[in-house]
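Chemist: Below is the file coords_39.pdb, which contains PDB, C-alpha atoms.
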```
MODEL        1
ATOM      1  CA  MET M  26     100.205  75.957 141.280  1.00  0.00           C
ATOM      2  CA  TYR M  27     101.144  74.283 137.981  1.00  0.00           C
ATOM      3  CA  SER M  28     103.293  71.202 137.622  1.00  0.00           C
ATOM      4  CA  ARG M  29     106.519  71.320 135.630  1.00  0.00           C
ATOM      5  CA  GLU M  30     104.821  69.559 132.707  1.00  0.00           C
ATOM      6  CA  GLU M  31     101.889  72.003 132.743  1.00  0.00           C
ATOM      7  CA  LYS M  32     104.241  74.994 132.763  1.00  0.00           C
ATOM      8  CA  GLN M  33     106.194  73.491 129.894  1.00  0.00           C
ATOM      9  CA  GLY M  34     102.959  72.863 127.976  1.00  0.00           C
ATOM     10  CA  ILE M  35     101.804  76.438 128.509  1.00  0.00           C
ATOM     11  CA  LEU M  36     105.148  77.809 127.330  1.00  0.00           C
ATOM     12  CA  LEU M  37     105.172  75.559 124.267  1.00  0.00           C
ATOM     13  CA  ALA M  38     101.596  76.513 123.378  1.00  0.00           C
ATOM     14  CA  ALA M  39     102.402  80.206 123.783  1.00  0.00           C
ATOM     15  CA  GLY M  40     105.480  79.757 121.602  1.00  0.00           C
ATOM     16  CA  CYS M  41     103.419  78.061 118.917  1.00  0.00           C
ATOM     17  CA  TYR M  42     100.870  80.852 118.867  1.00  0.00           C
ATOM     18  CA  CYS M  43     103.644  83.472 118.676  1.00  0.00           C
ATOM     19  CA  LEU M  44     105.241  81.588 115.793  1.00  0.00           C
ATOM     20  CA  TRP M  45     101.881  81.275 114.023  1.00  0.00           C
ATOM     21  CA  GLY M  46     101.379  84.992 114.542  1.00  0.00           C
ATOM     22  CA  LEU M  47     104.640  85.709 112.719  1.00  0.00           C
ATOM     23  CA  LEU M  48     104.097  83.218 109.889  1.00  0.00           C
ATOM     24  CA  PRO M  49     102.046  85.614 107.711  1.00  0.00           C
ATOM     25  CA  ILE M  50     105.168  87.748 107.319  1.00  0.00           C
ATOM     26  CA  TYR M  51     107.074  84.692 106.078  1.00  0.00           C
ATOM     27  CA  TRP M  52     104.290  83.591 103.710  1.00  0.00           C
ATOM     28  CA  LYS M  53     103.967  87.138 102.371  1.00  0.00           C
ATOM     29  CA  LEU M  54     107.701  87.135 101.556  1.00  0.00           C
ATOM     30  CA  LEU M  55     107.020  84.008  99.494  1.00  0.00           C
ATOM     31  CA  SER M  56     104.036  85.525  97.642  1.00  0.00           C
ATOM     32  CA  ALA M  57     105.867  85.231  94.291  1.00  0.00           C
ATOM     33  CA  VAL M  58     105.896  81.446  94.754  1.00  0.00           C
ATOM     34  CA  PRO M  59     102.591  79.654  93.996  1.00  0.00           C
ATOM     35  CA  ALA M  60     100.794  78.542  97.168  1.00  0.00           C
ATOM     36  CA  LEU M  61     100.694  74.901  96.038  1.00  0.00           C
ATOM     37  CA  GLN M  62     104.455  74.900  95.572  1.00  0.00           C
ATOM     38  CA  VAL M  63     104.975  76.354  99.055  1.00  0.00           C
ATOM     39  CA  LEU M  64     102.596  73.745 100.468  1.00  0.00           C
ATOM     40  CA  ALA M  65     104.341  70.914  98.609  1.00  0.00           C
ATOM     41  CA  ASN M  66     107.723  72.042  99.940  1.00  0.00           C
ATOM     42  CA  ARG M  67     106.294  72.208 103.437  1.00  0.00           C
ATOM     43  CA  MET M  68     104.982  68.661 103.124  1.00  0.00           C
ATOM     44  CA  VAL M  69     108.234  67.240 101.735  1.00  0.00           C
ATOM     45  CA  TRP M  70     110.428  68.937 104.351  1.00  0.00           C
ATOM     46  CA  SER M  71     108.048  67.905 107.134  1.00  0.00           C
ATOM     47  CA  ALA M  72     108.366  64.286 105.999  1.00  0.00           C
ATOM     48  CA  VAL M  73     112.166  64.603 105.913  1.00  0.00           C
ATOM     49  CA  PHE M  74     112.289  66.050 109.444  1.00  0.00           C
ATOM     50  CA  VAL M  75     109.896  63.403 110.804  1.00  0.00           C
ATOM     51  CA  ALA M  76     112.052  60.675 109.247  1.00  0.00           C
ATOM     52  CA  LEU M  77     115.204  62.223 110.741  1.00  0.00           C
ATOM     53  CA  PHE M  78     113.492  62.540 114.125  1.00  0.00           C
ATOM     54  CA  CYS M  79     112.433  58.881 113.999  1.00  0.00           C
ATOM     55  CA  LEU M  80     115.984  57.863 113.122  1.00  0.00           C
ATOM     56  CA  ALA M  81     117.506  60.016 115.861  1.00  0.00           C
ATOM     57  CA  THR M  82     115.122  58.695 118.517  1.00  0.00           C
ATOM     58  CA  HIS M  83     115.118  55.118 117.234  1.00  0.00           C
ATOM     59  CA  THR M  84     111.364  55.283 116.752  1.00  0.00           C
ATOM     60  CA  SER M  85     109.693  53.103 114.163  1.00  0.00           C
ATOM     61  CA  ILE M  86     106.365  53.986 112.568  1.00  0.00           C
ATOM     62  CA  LYS M  87     106.039  50.460 111.151  1.00  0.00           C
ATOM     63  CA  PRO M  88     103.728  49.278 113.994  1.00  0.00           C
ATOM     64  CA  LEU M  89     101.419  52.235 113.327  1.00  0.00           C
ATOM     65  CA  LEU M  90     101.342  51.577 109.603  1.00  0.00           C
ATOM     66  CA  GLN M  91     100.176  48.026 110.279  1.00  0.00           C
ATOM     67  CA  GLN M  92      97.003  49.302 111.973  1.00  0.00           C
ATOM     68  CA  LYS M  93      94.295  50.122 109.437  1.00  0.00           C
ATOM     69  CA  ARG M  94      92.481  52.465 111.798  1.00  0.00           C
ATOM     70  CA  ALA M  95      95.655  54.419 112.554  1.00  0.00           C
ATOM     71  CA  VAL M  96      96.480  54.750 108.850  1.00  0.00           C
ATOM     72  CA  GLY M  97      92.903  55.895 108.152  1.00  0.00           C
ATOM     73  CA  THR M  98      93.167  58.478 110.916  1.00  0.00           C
ATOM     74  CA  PHE M  99      96.490  59.719 109.520  1.00  0.00           C
ATOM     75  CA  VAL M 100      95.037  60.018 106.009  1.00  0.00           C
ATOM     76  CA  VAL M 101      92.020  62.011 107.217  1.00  0.00           C
ATOM     77  CA  ALA M 102      94.225  64.238 109.392  1.00  0.00           C
ATOM     78  CA  ALA M 103      96.647  64.766 106.476  1.00  0.00           C
ATOM     79  CA  ILE M 104      93.807  65.807 104.175  1.00  0.00           C
ATOM     80  CA  ILE M 105      92.419  68.259 106.742  1.00  0.00           C
ATOM     81  CA  VAL M 106      95.846  69.773 107.473  1.00  0.00           C
ATOM     82  CA  THR M 107      96.615  70.002 103.749  1.00  0.00           C
ATOM     83  CA  PHE M 108      93.430  71.959 103.086  1.00  0.00           C
ATOM     84  CA  ASN M 109      93.967  74.118 106.170  1.00  0.00           C
ATOM     85  CA  TRP M 110      97.524  75.069 105.256  1.00  0.00           C
ATOM     86  CA  GLY M 111      96.808  75.360 101.543  1.00  0.00           C
ATOM     87  CA  ILE M 112      93.958  77.798 102.142  1.00  0.00           C
ATOM     88  CA  TYR M 113      96.001  79.680 104.735  1.00  0.00           C
ATOM     89  CA  ILE M 114      99.038  80.109 102.466  1.00  0.00           C
ATOM     90  CA  TRP M 115      96.852  81.065  99.508  1.00  0.00           C
ATOM     91  CA  GLY M 116      94.869  83.519 101.676  1.00  0.00           C
ATOM     92  CA  ILE M 117      97.987  85.287 102.933  1.00  0.00           C
ATOM     93  CA  ASN M 118      99.459  85.503  99.434  1.00  0.00           C
ATOM     94  CA  ALA M 119      96.141  86.802  98.061  1.00  0.00           C
ATOM     95  CA  GLY M 120      96.070  89.637 100.604  1.00  0.00           C
ATOM     96  CA  HIS M 121      93.554  88.189 103.091  1.00  0.00           C
ATOM     97  CA  VAL M 122      95.928  88.525 106.047  1.00  0.00           C
ATOM     98  CA  VAL M 123      93.358  89.831 108.540  1.00  0.00           C
ATOM     99  CA  GLU M 124      90.845  87.156 107.603  1.00  0.00           C
ATOM    100  CA  CYS M 125      93.438  84.401 107.937  1.00  0.00           C
ATOM    101  CA  ALA M 126      94.683  85.818 111.232  1.00  0.00           C
ATOM    102  CA  LEU M 127      91.148  85.799 112.594  1.00  0.00           C
ATOM    103  CA  GLY M 128      91.178  82.033 112.132  1.00  0.00           C
ATOM    104  CA  TYR M 129      93.970  81.751 114.666  1.00  0.00           C
ATOM    105  CA  TYR M 130      91.974  83.809 117.156  1.00  0.00           C
ATOM    106  CA  ILE M 131      88.858  81.743 116.526  1.00  0.00           C
ATOM    107  CA  ASN M 132      90.700  78.402 116.781  1.00  0.00           C
ATOM    108  CA  PRO M 133      91.302  78.354 120.564  1.00  0.00           C
ATOM    109  CA  LEU M 134      87.712  79.444 121.193  1.00  0.00           C
ATOM    110  CA  VAL M 135      86.409  76.555 119.102  1.00  0.00           C
ATOM    111  CA  THR M 136      88.778  74.193 120.903  1.00  0.00           C
ATOM    112  CA  ILE M 137      87.359  75.329 124.240  1.00  0.00           C
ATOM    113  CA  LEU M 138      83.793  74.887 122.981  1.00  0.00           C
ATOM    114  CA  ILE M 139      84.614  71.353 121.819  1.00  0.00           C
ATOM    115  CA  GLY M 140      86.002  70.597 125.283  1.00  0.00           C
ATOM    116  CA  LEU M 141      82.876  71.996 126.941  1.00  0.00           C
ATOM    117  CA  PHE M 142      80.244  70.371 124.750  1.00  0.00           C
ATOM    118  CA  PHE M 143      81.814  67.083 123.710  1.00  0.00           C
ATOM    119  CA  PHE M 144      84.104  66.265 126.619  1.00  0.00           C
ATOM    120  CA  HIS M 145      82.025  67.933 129.358  1.00  0.00           C
ATOM    121  CA  GLU M 146      84.974  69.905 130.680  1.00  0.00           C
ATOM    122  CA  ARG M 147      84.344  72.744 133.102  1.00  0.00           C
ATOM    123  CA  LEU M 148      85.957  76.162 133.158  1.00  0.00           C
ATOM    124  CA  THR M 149      87.014  77.912 136.323  1.00  0.00           C
ATOM    125  CA  ARG M 150      85.599  81.392 136.850  1.00  0.00           C
ATOM    126  CA  ALA M 151      88.855  82.984 135.627  1.00  0.00           C
ATOM    127  CA  GLN M 152      88.882  80.749 132.538  1.00  0.00           C
ATOM    128  CA  ALA M 153      85.245  81.569 131.775  1.00  0.00           C
ATOM    129  CA  ILE M 154      85.950  85.297 132.067  1.00  0.00           C
ATOM    130  CA  ALA M 155      88.994  84.953 129.807  1.00  0.00           C
ATOM    131  CA  PHE M 156      86.937  82.969 127.280  1.00  0.00           C
ATOM    132  CA  VAL M 157      84.140  85.560 127.238  1.00  0.00           C
ATOM    133  CA  LEU M 158      86.602  88.442 126.855  1.00  0.00           C
ATOM    134  CA  ALA M 159      88.415  86.655 124.018  1.00  0.00           C
ATOM    135  CA  ALA M 160      85.101  85.864 122.323  1.00  0.00           C
ATOM    136  CA  ILE M 161      84.035  89.513 122.592  1.00  0.00           C
ATOM    137  CA  GLY M 162      87.361  90.548 121.038  1.00  0.00           C
ATOM    138  CA  VAL M 163      86.975  88.090 118.156  1.00  0.00           C
ATOM    139  CA  ILE M 164      83.385  89.175 117.546  1.00  0.00           C
ATOM    140  CA  TYR M 165      84.445  92.833 117.638  1.00  0.00           C
ATOM    141  CA  PHE M 166      87.228  92.315 115.089  1.00  0.00           C
ATOM    142  CA  THR M 167      85.017  90.101 112.923  1.00  0.00           C
ATOM    143  CA  VAL M 168      82.255  92.725 112.798  1.00  0.00           C
ATOM    144  CA  GLY M 169      84.864  95.434 112.219  1.00  0.00           C
ATOM    145  CA  TYR M 170      86.288  93.421 109.329  1.00  0.00           C
ATOM    146  CA  GLY M 171      83.099  94.166 107.438  1.00  0.00           C
ATOM    147  CA  HIS M 172      82.136  90.759 106.109  1.00  0.00           C
ATOM    148  CA  PHE M 173      82.026  87.159 107.244  1.00  0.00           C
ATOM    149  CA  PRO M 174      85.602  85.785 107.449  1.00  0.00           C
ATOM    150  CA  TRP M 175      85.155  82.648 105.330  1.00  0.00           C
ATOM    151  CA  LEU M 176      88.850  81.879 105.186  1.00  0.00           C
ATOM    152  CA  ALA M 177      89.086  82.079 108.968  1.00  0.00           C
ATOM    153  CA  ILE M 178      86.468  79.377 109.310  1.00  0.00           C
TER     154      ILE M 178
ENDMDL
END
```
Now that the file is in, can you turn its structure into structure tokens?
Modeler:
Amino acid sequence: MYSREEKQGILLAAGCYCLWGLLPIYWKLLSAVPALQVLANRMVWSAVFVALFCLATHTSIKPLLQQKRAVGTFVVAAIIVTFNWGIYIWGINAGHVVECALGYYINPLVTILIGLFFFHERLTRAQAIAFVLAAIGVIYFTVGYGHFPWLAI
């Protein structure tokens, strides 16, 4: 049914979503630390681990850094991720856990919509049913939340 690589991808994606589901507990434990400090630590340690990974795998980023378009893409992506994580960490620490969590339920739905509208992908019947059910669930929780979840968006 699925190839080995597809199964591995599904398991890794599921693991990521489980980890992201548990992260609010971690961020809440750090609520005494300013969100910008948590974000800065995350950025520094991410850079350290990427450097160690590159050293361990004998991978050089020098060729990428010589391409202006690649560097521009990295800068834009870094800015977007910085805002995303900064708002997320601040939101959790400020008590907007449900609103922030809704963002992680909305995210896969938006990803699917991007695939449908921009890349002209097609869903199987089972995938379409799953998408509609998930969308109904997100809409239900969003309406039940009582106001528009700005942080989730």
Chemist: Which of these residues is nearest to M:Ser56, using only C-alpha atoms: M:Ala155, M:Ala119, M:Tyr165, M:Gly128?
Modeler: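 The closest residue to M:Ser56 is M:Ala119.
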Chemist: Given all atoms listed in the file as the basis, pick out the residue of M:Ile137, M:Leu127, M:Ala39, M:Leu148 nearest to M:Phe173.
Modeler: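 Closest to M:Phe173, using all atoms listed in the file: M:Leu127.
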Chemist: As a PyMOL selection string, please: the residues near M:Trp52 (cut-off 9 Å, only C-alpha atoms, same-chain neighbours under 3 positions excluded).
Modeler: chain M and resi 48-49+55-56+60+63+114-115+117-118
Chemist: So which residues touch M:Asn109 within 12 Å, counting all atoms listed in the file, skipping near sequence neighbours fewer than 2 positions away, as a list in words?
Modeler: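 Contacts, in chain order: Leu64, Ala102, Ala103, Ile104, Ile105, Val106, Thr107, Gly111, Ile112, Tyr113, Ile114, Trp115, Gly116, Cys125, Gly128, Tyr129, Asn132, Leu176, Ala177 and Ile178 of chain M.
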Chemist: Between M:Tyr27, M:Trp175, M:Phe143, M:Phe74, which has the minimum distance to M:Ile131 (counting only C-alpha atoms)?
Modeler: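 Closest residue, counting only C-alpha atoms: M:Trp175.
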Chemist: Could you jot down the atom CA of M:Trp70 to atom CA of M:Val122 separation for me, Å, one decimal place?
Modeler: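 According to the coordinates, atom CA of M:Trp70 and atom CA of M:Val122 are separated by 24.4 Å.
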Chemist: Rounded to one decimal place, report the atom CA of M:Val163-atom CA of M:Pro133 distance in Å.
Modeler: 10.9 Å
Chemist: In Å, rounded to a single decimal, give me how far atom CA of M:Val123 is from atom CA of M:His172.
Modeler: 11.5 Å
Chemist: Counting all atoms listed in the file, what is within 12 Å of M:Ser85, bar same-chain residues fewer than 6 positions away, as a PyMOL selection string?
Modeler: chain M and resi 75-79+91
Chemist: Please produce a file of the residues just selected, as a short mmCIF file (atom, residue, chain, number, x, y, z; two decimals), in the frame of the given file, where the atoms kept are C-alpha atoms.
Modeler:
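Result file follows (out27.cif):
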```cif
data_model
loop_
_atom_site.label_atom_id
_atom_site.label_comp_id
_atom_site.auth_asym_id
_atom_site.auth_seq_id
_atom_site.Cartn_x
_atom_site.Cartn_y
_atom_site.Cartn_z
CA VAL M 75 109.90 63.40 110.80
CA ALA M 76 112.05 60.68 109.25
CA LEU M 77 115.20 62.22 110.74
CA PHE M 78 113.49 62.54 114.12
CA CYS M 79 112.43 58.88 114.00
CA GLN M 91 100.18 48.03 110.28
#
```
Chemist: Between M:Leu158, M:Ala65, M:Met26, M:Cys43, which residue has the minimum interatomic distance to M:Phe108, considering all atoms listed in the file?
Modeler: M:Ala65
Chemist: In terms of the shortest atom-to-atom distance over all atoms listed in the file, which of M:Tyr130, M:Ala38, M:His145, M:Gln62 is closest to M:Ala160?
Modeler: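 Ranked by minimum distance to M:Ala160, first place goes to M:Tyr130.
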